[in-house]
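Participant: This is the content of query-v6.txt (compact mmCIF, C-alpha atoms):
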```
# COMPACT_ATOMS: atom_id res chain seq x y z
CA MET A 1 1.08 36.81 -37.14
CA ASP A 2 0.05 33.27 -36.29
CA LEU A 3 -3.52 33.28 -34.96
CA SER A 4 -4.14 29.57 -35.42
CA GLU A 5 -4.93 29.14 -31.70
CA LEU A 6 -7.67 31.76 -31.96
CA GLU A 7 -9.04 30.17 -35.13
CA LYS A 8 -9.40 26.85 -33.27
CA ASP A 9 -11.60 28.47 -30.61
CA ASN A 10 -12.82 32.05 -30.92
CA THR A 11 -15.55 31.86 -28.26
CA GLY A 12 -13.53 33.05 -25.25
CA ARG A 13 -10.14 34.68 -24.97
CA CYS A 14 -6.80 33.80 -26.50
CA ARG A 15 -3.36 34.94 -25.34
CA LEU A 16 -0.46 34.97 -27.79
CA SER A 17 3.11 36.17 -27.44
CA SER A 18 6.50 36.38 -29.09
CA PRO A 19 9.60 34.70 -27.65
CA VAL A 20 11.18 36.81 -24.89
CA PRO A 21 14.47 38.37 -26.05
CA ALA A 22 17.31 37.36 -23.72
CA VAL A 23 18.36 40.98 -23.27
CA CYS A 24 14.90 41.82 -21.88
CA ARG A 25 15.52 39.52 -18.92
CA LYS A 26 18.80 41.26 -18.10
CA GLU A 27 18.32 44.95 -18.79
CA PRO A 28 15.65 47.37 -17.51
CA CYS A 29 12.75 47.44 -19.99
CA VAL A 30 10.00 49.83 -20.98
CA LEU A 31 6.55 48.42 -21.83
CA GLY A 32 3.63 49.99 -23.70
CA ILE A 33 -0.04 48.98 -23.71
CA ASP A 34 -2.81 49.74 -26.18
CA GLU A 35 -5.91 48.12 -27.66
CA ALA A 36 -7.75 47.79 -30.95
CA GLY A 37 -11.44 47.19 -31.51
CA ARG A 38 -12.93 48.65 -28.36
CA GLY A 39 -15.84 50.38 -30.11
CA PRO A 40 -16.97 48.11 -32.98
CA VAL A 41 -20.11 45.98 -32.73
CA LEU A 42 -18.37 43.27 -34.76
CA GLY A 43 -15.33 41.17 -33.98
CA PRO A 44 -12.97 40.86 -31.02
CA MET A 45 -11.18 43.46 -28.92
CA VAL A 46 -7.42 42.98 -28.81
CA TYR A 47 -5.13 44.23 -26.05
CA ALA A 48 -1.41 44.25 -26.76
CA VAL A 49 1.82 45.03 -24.97
CA CYS A 50 5.15 45.71 -26.60
CA TYR A 51 8.43 45.95 -24.69
CA CYS A 52 12.12 46.51 -25.23
CA PRO A 53 15.18 47.48 -23.15
CA VAL A 54 15.47 51.17 -22.30
CA SER A 55 18.86 51.06 -24.03
CA HIS A 56 17.11 50.09 -27.31
CA LEU A 57 14.35 52.71 -27.27
CA ALA A 58 16.15 54.71 -29.96
CA ASP A 59 16.21 51.60 -32.15
CA LEU A 60 12.46 51.20 -31.70
CA GLU A 61 11.90 54.87 -32.57
CA ALA A 62 14.06 54.41 -35.66
CA LEU A 63 11.42 52.02 -37.02
CA LYS A 64 9.14 55.10 -37.19
CA VAL A 65 6.27 53.41 -35.37
CA ALA A 66 3.18 55.58 -34.97
CA ASP A 67 -0.39 55.45 -33.72
CA SER A 68 -1.94 52.59 -35.71
CA LYS A 69 -5.01 54.69 -36.51
CA THR A 70 -2.84 57.04 -38.59
CA LEU A 71 -1.35 54.18 -40.65
CA SER A 72 -2.73 52.18 -43.54
CA GLU A 73 -3.12 48.43 -43.22
CA SER A 74 -0.08 47.81 -45.41
CA GLU A 75 2.02 50.22 -43.33
CA ARG A 76 0.97 48.48 -40.10
CA ASP A 77 1.81 45.07 -41.55
CA ARG A 78 5.21 46.33 -42.72
CA LEU A 79 6.06 47.80 -39.31
CA PHE A 80 4.96 44.66 -37.50
CA LEU A 81 7.24 42.58 -39.73
CA LYS A 82 10.09 44.98 -38.91
CA MET A 83 9.46 44.43 -35.19
CA GLU A 84 9.49 40.68 -35.81
CA GLU A 85 12.86 41.04 -37.54
CA ASP A 86 14.16 42.87 -34.46
CA ARG A 87 12.96 40.21 -32.04
CA ASP A 88 16.42 40.10 -30.47
CA PHE A 89 15.37 43.20 -28.51
CA VAL A 90 11.59 43.65 -29.12
CA GLY A 91 8.91 41.44 -27.58
CA TRP A 92 5.12 41.52 -27.57
CA ALA A 93 2.11 39.78 -26.09
CA LEU A 94 -1.60 40.14 -26.71
CA ASP A 95 -4.97 39.09 -25.37
CA VAL A 96 -7.80 38.56 -27.86
CA LEU A 97 -11.24 38.97 -26.25
CA SER A 98 -14.05 37.47 -28.31
CA PRO A 99 -17.36 39.28 -28.95
CA ASN A 100 -19.06 36.48 -27.02
CA LEU A 101 -16.85 37.03 -23.95
CA ILE A 102 -17.38 40.80 -24.06
CA SER A 103 -21.18 40.56 -24.34
CA THR A 104 -21.69 37.83 -21.74
CA SER A 105 -19.48 39.79 -19.32
CA MET A 106 -21.46 42.97 -19.81
CA LEU A 107 -24.88 41.30 -19.61
CA GLY A 108 -24.15 38.82 -16.83
CA ARG A 109 -26.02 38.75 -13.54
CA ILE A 110 -23.01 40.47 -12.00
CA LYS A 111 -22.25 43.30 -14.43
CA TYR A 112 -18.68 43.56 -15.71
CA ASN A 113 -18.45 46.71 -17.80
CA LEU A 114 -16.07 47.31 -20.68
CA ASN A 115 -13.82 49.65 -18.70
CA SER A 116 -13.29 47.10 -15.93
CA LEU A 117 -12.70 44.36 -18.48
CA SER A 118 -10.15 46.58 -20.23
CA HIS A 119 -8.34 47.50 -17.00
CA ASP A 120 -8.13 43.89 -15.84
CA THR A 121 -6.92 42.69 -19.25
CA ALA A 122 -4.15 45.30 -19.31
CA ALA A 123 -3.06 44.42 -15.78
CA GLY A 124 -3.14 40.73 -16.67
CA LEU A 125 -0.81 41.30 -19.62
CA ILE A 126 1.67 43.25 -17.48
CA GLN A 127 1.68 40.40 -14.97
CA TYR A 128 2.09 37.86 -17.77
CA VAL A 129 5.19 39.64 -19.10
CA LEU A 130 6.64 39.94 -15.59
CA ASP A 131 6.03 36.22 -15.04
CA GLN A 132 8.00 35.55 -18.25
CA GLY A 133 11.01 37.10 -16.56
CA VAL A 134 11.03 40.44 -18.40
CA ASN A 135 12.68 43.16 -16.31
CA VAL A 136 9.94 45.77 -16.68
CA THR A 137 10.77 49.05 -14.91
CA GLN A 138 8.50 51.49 -16.80
CA VAL A 139 4.97 51.07 -18.17
CA PHE A 140 3.13 53.48 -20.49
CA VAL A 141 -0.59 52.99 -21.04
CA ASP A 142 -3.17 54.56 -23.35
CA THR A 143 -5.96 55.43 -20.94
CA VAL A 144 -9.43 53.98 -20.64
CA GLY A 145 -11.54 56.22 -18.45
CA LEU A 146 -9.89 58.75 -16.13
CA PRO A 147 -6.10 58.48 -16.47
CA GLU A 148 -5.43 59.49 -12.87
CA THR A 149 -7.66 56.75 -11.44
CA TYR A 150 -6.35 54.14 -13.87
CA GLN A 151 -2.73 55.05 -13.15
CA GLU A 152 -3.26 54.87 -9.39
CA ARG A 153 -4.87 51.43 -9.75
CA LEU A 154 -1.99 50.04 -11.82
CA GLN A 155 0.65 51.67 -9.61
CA GLN A 156 -0.85 50.01 -6.54
CA ARG A 157 -0.80 46.61 -8.24
CA PHE A 158 2.76 47.02 -9.56
CA PRO A 159 4.53 49.11 -6.91
CA GLY A 160 8.01 48.24 -8.20
CA THR A 161 7.26 49.66 -11.65
CA GLU A 162 6.89 53.28 -12.73
CA VAL A 163 3.46 53.57 -14.38
CA THR A 164 2.35 56.42 -16.66
CA VAL A 165 -1.22 56.54 -18.02
CA ARG A 166 -2.06 59.21 -20.59
CA ALA A 167 -4.74 60.01 -23.12
CA LYS A 168 -3.44 59.55 -26.67
CA ALA A 169 -0.40 57.69 -25.32
CA ASP A 170 -0.20 55.84 -28.65
CA ALA A 171 0.79 59.16 -30.24
CA LEU A 172 3.13 60.22 -27.43
CA TYR A 173 5.26 57.16 -26.65
CA PRO A 174 6.81 54.95 -29.37
CA VAL A 175 6.52 51.82 -27.25
CA VAL A 176 2.74 52.39 -26.99
CA SER A 177 2.61 53.05 -30.74
CA ALA A 178 4.29 49.67 -31.25
CA ALA A 179 1.70 48.00 -29.00
CA SER A 180 -1.04 49.78 -30.96
CA ILE A 181 0.31 48.31 -34.21
CA CYS A 182 0.47 44.78 -32.73
CA ALA A 183 -3.13 45.05 -31.51
CA LYS A 184 -4.48 46.42 -34.79
CA VAL A 185 -2.65 43.87 -36.97
CA ALA A 186 -3.99 41.05 -34.80
CA ARG A 187 -7.57 42.34 -34.85
CA ASP A 188 -7.57 42.94 -38.62
CA GLN A 189 -6.32 39.40 -39.20
CA ALA A 190 -8.79 37.91 -36.71
CA VAL A 191 -11.73 39.66 -38.37
CA LYS A 192 -10.59 38.78 -41.88
CA ASN A 193 -10.17 35.07 -41.03
CA TRP A 194 -13.08 34.74 -38.59
CA GLN A 195 -14.39 31.18 -38.31
CA PHE A 196 -18.20 31.24 -38.05
CA LEU A 197 -19.14 28.37 -35.71
CA GLU A 198 -22.76 28.65 -36.80
CA ASN A 199 -22.02 27.35 -40.34
CA LEU A 200 -23.88 30.28 -41.85
CA GLU A 201 -24.58 30.25 -45.56
CA ASP A 202 -23.84 33.16 -47.89
CA VAL A 203 -22.00 35.21 -45.26
CA ASP A 204 -20.37 38.19 -46.90
CA ALA A 205 -17.52 40.31 -45.57
CA ASP A 206 -19.02 43.58 -46.73
CA TYR A 207 -19.75 44.86 -43.23
CA GLY A 208 -17.94 48.19 -43.47
CA SER A 209 -15.88 49.41 -40.53
CA GLY A 210 -17.74 47.35 -37.94
CA TYR A 211 -18.62 50.46 -35.95
CA PRO A 212 -22.25 50.88 -34.80
CA ASN A 213 -22.89 54.11 -36.74
CA ASP A 214 -21.65 52.73 -40.07
CA PRO A 215 -24.61 52.20 -42.48
CA LYS A 216 -22.84 49.20 -44.06
CA THR A 217 -22.40 47.59 -40.65
CA LYS A 218 -26.06 48.14 -39.79
CA ALA A 219 -27.13 46.68 -43.12
CA TRP A 220 -24.93 43.62 -42.52
CA LEU A 221 -26.46 43.12 -39.08
CA ARG A 222 -30.01 43.31 -40.45
CA LYS A 223 -29.14 40.86 -43.21
CA HIS A 224 -27.55 38.30 -40.89
CA VAL A 225 -29.93 38.30 -37.92
CA ASP A 226 -31.84 35.08 -37.37
CA PRO A 227 -35.45 35.66 -36.18
CA VAL A 228 -35.10 32.92 -33.54
CA PHE A 229 -31.41 32.54 -32.69
CA GLY A 230 -30.32 36.15 -33.18
CA PHE A 231 -26.74 36.89 -34.20
CA SER A 232 -23.66 34.79 -34.71
CA GLN A 233 -20.86 34.99 -32.15
CA PHE A 234 -19.08 37.46 -34.43
CA VAL A 235 -21.49 40.12 -33.12
CA ARG A 236 -21.35 41.86 -29.75
CA PHE A 237 -25.00 41.45 -28.90
CA SER A 238 -24.64 43.67 -25.82
CA TRP A 239 -24.16 46.74 -28.08
CA ARG A 240 -27.27 48.92 -28.34
CA THR A 241 -27.17 48.79 -32.16
CA ALA A 242 -27.42 44.99 -32.12
CA GLN A 243 -30.13 45.03 -29.44
CA ALA A 244 -32.25 47.50 -31.45
CA ILE A 245 -32.09 45.26 -34.53
CA LEU A 246 -33.01 42.22 -32.45
CA GLU A 247 -36.01 44.03 -31.00
CA LYS A 248 -37.20 44.98 -34.49
CA GLU A 249 -36.26 41.96 -36.62
CA ALA A 250 -36.32 38.96 -34.28
CA GLU A 251 -39.29 37.13 -32.80
CA GLU A 252 -40.54 38.30 -29.44
CA ILE A 253 -40.06 35.78 -26.64
CA THR A 254 -42.11 35.70 -23.46
CA TRP A 255 -40.33 34.15 -20.47
CA GLU A 256 -42.81 32.53 -18.12
CA ASP A 257 -42.48 32.88 -14.38
CA SER A 258 -40.71 29.79 -13.06
CA THR A 259 -42.84 29.76 -9.89
CA ALA A 260 -45.92 27.57 -10.30
CA GLU A 261 -49.27 29.17 -9.60
CA GLY A 262 -50.14 28.92 -5.93
CA GLN A 263 -46.65 27.71 -5.01
CA ALA A 264 -45.04 29.65 -2.25
CA GLY A 265 -41.70 31.31 -2.95
CA PRO A 266 -38.51 30.37 -1.13
CA GLY A 267 -38.54 30.91 2.59
CA ARG A 268 -35.70 31.56 5.00
CA ILE A 269 -32.53 29.65 4.30
CA THR A 270 -32.78 28.02 7.74
CA SER A 271 -36.00 26.30 6.64
CA TYR A 272 -33.95 24.02 4.39
CA PHE A 273 -32.16 22.70 7.45
CA ALA A 274 -35.20 22.20 9.70
CA SER A 275 -35.20 18.90 11.58
CA GLU A 276 -37.77 16.25 10.66
CA GLY A 277 -40.78 16.24 12.96
CA PRO A 278 -44.20 17.72 13.47
CA ARG A 279 -42.88 21.29 13.33
CA ALA A 280 -40.90 20.84 10.10
CA ARG A 281 -42.20 22.91 7.17
CA PRO A 282 -43.34 20.78 4.21
CA ARG A 283 -41.53 21.56 0.99
CA ALA A 284 -43.27 21.54 -2.39
CA PRO A 285 -41.75 19.20 -4.97
CA HIS A 286 -39.56 20.72 -7.66
CA ARG A 287 -41.43 22.03 -10.69
CA TYR A 288 -39.91 19.23 -12.82
CA PHE A 289 -41.77 16.62 -10.77
CA GLN A 290 -44.99 18.64 -10.53
CA GLU A 291 -45.32 19.09 -14.28
CA ARG A 292 -44.85 15.37 -14.89
CA GLY A 293 -47.12 14.21 -12.08
CA LEU A 294 -44.28 12.37 -10.36
CA GLU A 295 -44.50 11.48 -6.67
CA PRO A 296 -42.09 9.75 -4.30
CA ALA A 297 -42.47 5.96 -4.22
CA THR A 298 -43.37 4.76 -0.72
CA ALA A 299 -43.54 1.07 -1.55
CA LEU A 300 -42.36 -1.30 -4.31
```
As a first step, turn the structure in this file into structure tokens.
Facilitator:
Amino acid sequence: MDLSELEKDNTGRCRLSSPVPAVCRKEPCVLGIDEAGRGPVLGPMVYAVCYCPVSHLADLEALKVADSKTLSESERDRLFLKMEEDRDFVGWALDVLSPNLISTSMLGRIKYNLNSLSHDTAAGLIQYVLDQGVNVTQVFVDTVGLPETYQERLQQRFPGTEVTVRAKADALYPVVSAASICAKVARDQAVKNWQFLENLEDVDADYGSGYPNDPKTKAWLRKHVDPVFGFSQFVRFSWRTAQAILEKEAEEITWEDSTAEGQAGPGRITSYFASEGPRARPRAPHRYFQERGLEPATAL
């Protein structure tokens, strides 16, 4: 799988896809959705879709695809290559969400939790495939959260498509199993070839599974935390495990109140539009000017 676009910039999100088989634009198609890397504190989360004509579902099943979690890395790689060989009727697309994107979304002023991010990413991939001209008539999704609520949300957005959301869908529907394999192969490769923008020295890859409860992962986090700058962008710093290590290992920072002592806080918004005159409220200079002793020049 060519992830060169991700390796150029792994700070946001990266969408990759296979060529669309001509038959998928003509015949009714079934599409499966799954993800890899939702729980780890390290590395990206990858959402993937896989699709094929309904008439070729038996051919997809003949590849003996299965839930990626039940397969070894070599088995996943082999099955993905088989799907690539059958690209005359199998297509895929994926969205790689960086640790930085996940954490900044979750910790932003307007909270964007992982479930919402997952739902929107899945819906975005369905729309992307439809925009490519694929004749999608059925969608099968491995659930995130309550399947009934998730299914209703997707069905409302795609009323012309039959949507089925189930727990463990990657073990129930071969097309979801295929998507699961695409997602896992992409994540494994992204993690293995991760480009550290921070130019860290002596970074080792012995971080275990990447899951928060893995002792090896915790040891790696403690070893590679900077006391001032924290973690590299390979780490999801919004995870509680990472936050606990920061609180213990990093320097404590005190954020000063931005309001100067004795300076009144912001008033009504209409005060900013008050007309000039004796009744206009005087406005204190910005803190930048106060700290530097700068005043408006009245004469040159």
Participant: For the interface of range 125-192 of chain A with range 201-218 of chain A (cut-off 12 Å, counting all atoms listed in the file), please tabulate each contacting residue of range 125-192 of chain A alongside its nearest pair of atoms and their separation in Å to one decimal, rows sorted by chain and increasing number, as a tab-separated table.
Facilitator:
```
residue	atom	partner	partner_atom	distance
A:Arg187	CA	A:Gly210	CA	11.8
A:Asp188	CA	A:Ser209	CA	10.7
A:Val191	CA	A:Ala205	CA	9.3
A:Lys192	CA	A:Ala205	CA	8.0
```
Participant: Mind giving me the straight-line distance from CA of Arg153 in chain A to CA of Trp92 in chain A in Å, one decimal?
Facilitator: 22.7 Å
Participant: Counting only C-alpha atoms, find residues at most 8 Å from (2.7, 36.7, -20.7) (file frame) and give them as a list in words.
Facilitator: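 It turns out the residues near that spot are Arg15, Leu16, Ser17, Ala93, Leu125, Ile126, Gln127, Tyr128, Val129, Leu130, Asp131 and Gln132 of chain A.
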Participant: With all atoms listed in the file as the counted atoms, please give the residues lying no more than 12 Å from Asn199 in chain A, apart from itself and same-chain residues fewer than 4 positions off, as a list in words.
Facilitator: Trp194, Gln195, Val203, Ser232 and Gln233 of chain A
Participant: Do you know which residues are at most 9 Å from range 37-49 of chain A counting all atoms listed in the file, after dropping those on the same chain fewer than 5 positions away, and could you put them as an mmCIF file with C-alpha atoms, in the frame of the given file?
Facilitator:
```
data_model
loop_
_atom_site.group_PDB
_atom_site.id
_atom_site.type_symbol
_atom_site.label_atom_id
_atom_site.label_comp_id
_atom_site.auth_asym_id
_atom_site.auth_seq_id
_atom_site.Cartn_x
_atom_site.Cartn_y
_atom_site.Cartn_z
ATOM 1 C CA ASN A 10 -12.820 32.050 -30.920
ATOM 2 C CA LEU A 31 6.550 48.420 -21.830
ATOM 3 C CA GLY A 32 3.630 49.990 -23.700
ATOM 4 C CA GLY A 91 8.910 41.440 -27.580
ATOM 5 C CA TRP A 92 5.120 41.520 -27.570
ATOM 6 C CA ALA A 93 2.110 39.780 -26.090
ATOM 7 C CA LEU A 94 -1.600 40.140 -26.710
ATOM 8 C CA ASP A 95 -4.970 39.090 -25.370
ATOM 9 C CA VAL A 96 -7.800 38.560 -27.860
ATOM 10 C CA LEU A 97 -11.240 38.970 -26.250
ATOM 11 C CA SER A 98 -14.050 37.470 -28.310
ATOM 12 C CA PRO A 99 -17.360 39.280 -28.950
ATOM 13 C CA ASN A 100 -19.060 36.480 -27.020
ATOM 14 C CA LEU A 101 -16.850 37.030 -23.950
ATOM 15 C CA ILE A 102 -17.380 40.800 -24.060
ATOM 16 C CA LEU A 114 -16.070 47.310 -20.680
ATOM 17 C CA SER A 118 -10.150 46.580 -20.230
ATOM 18 C CA THR A 121 -6.920 42.690 -19.250
ATOM 19 C CA ALA A 122 -4.150 45.300 -19.310
ATOM 20 C CA LEU A 125 -0.810 41.300 -19.620
ATOM 21 C CA ILE A 126 1.670 43.250 -17.480
ATOM 22 C CA VAL A 129 5.190 39.640 -19.100
ATOM 23 C CA VAL A 175 6.520 51.820 -27.250
ATOM 24 C CA VAL A 176 2.740 52.390 -26.990
ATOM 25 C CA ALA A 178 4.290 49.670 -31.250
ATOM 26 C CA ALA A 179 1.700 48.000 -29.000
ATOM 27 C CA SER A 180 -1.040 49.780 -30.960
ATOM 28 C CA ILE A 181 0.310 48.310 -34.210
ATOM 29 C CA CYS A 182 0.470 44.780 -32.730
ATOM 30 C CA ALA A 183 -3.130 45.050 -31.510
ATOM 31 C CA LYS A 184 -4.480 46.420 -34.790
ATOM 32 C CA ALA A 186 -3.990 41.050 -34.800
ATOM 33 C CA ARG A 187 -7.570 42.340 -34.850
ATOM 34 C CA ALA A 190 -8.790 37.910 -36.710
ATOM 35 C CA VAL A 191 -11.730 39.660 -38.370
ATOM 36 C CA TRP A 194 -13.080 34.740 -38.590
ATOM 37 C CA TYR A 207 -19.750 44.860 -43.230
ATOM 38 C CA SER A 209 -15.880 49.410 -40.530
ATOM 39 C CA GLY A 210 -17.740 47.350 -37.940
ATOM 40 C CA TYR A 211 -18.620 50.460 -35.950
ATOM 41 C CA PRO A 212 -22.250 50.880 -34.800
ATOM 42 C CA THR A 217 -22.400 47.590 -40.650
ATOM 43 C CA GLN A 233 -20.860 34.990 -32.150
ATOM 44 C CA PHE A 234 -19.080 37.460 -34.430
ATOM 45 C CA VAL A 235 -21.490 40.120 -33.120
ATOM 46 C CA ARG A 236 -21.350 41.860 -29.750
ATOM 47 C CA PHE A 237 -25.000 41.450 -28.900
ATOM 48 C CA SER A 238 -24.640 43.670 -25.820
ATOM 49 C CA TRP A 239 -24.160 46.740 -28.080
ATOM 50 C CA ARG A 240 -27.270 48.920 -28.340
ATOM 51 C CA THR A 241 -27.170 48.790 -32.160
ATOM 52 C CA ALA A 242 -27.420 44.990 -32.120
#
```
Participant: Work out how far CA of Leu146 in chain A is from CA of Met106 in chain A, in Å to one decimal.
Facilitator: 19.9 Å
Participant: CA of Gly133 in chain A and CA of Leu60 in chain A are how many Å apart?
Facilitator: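 Separation of CA of Gly133 in chain A and CA of Leu60 in chain A: 20.7 Å.
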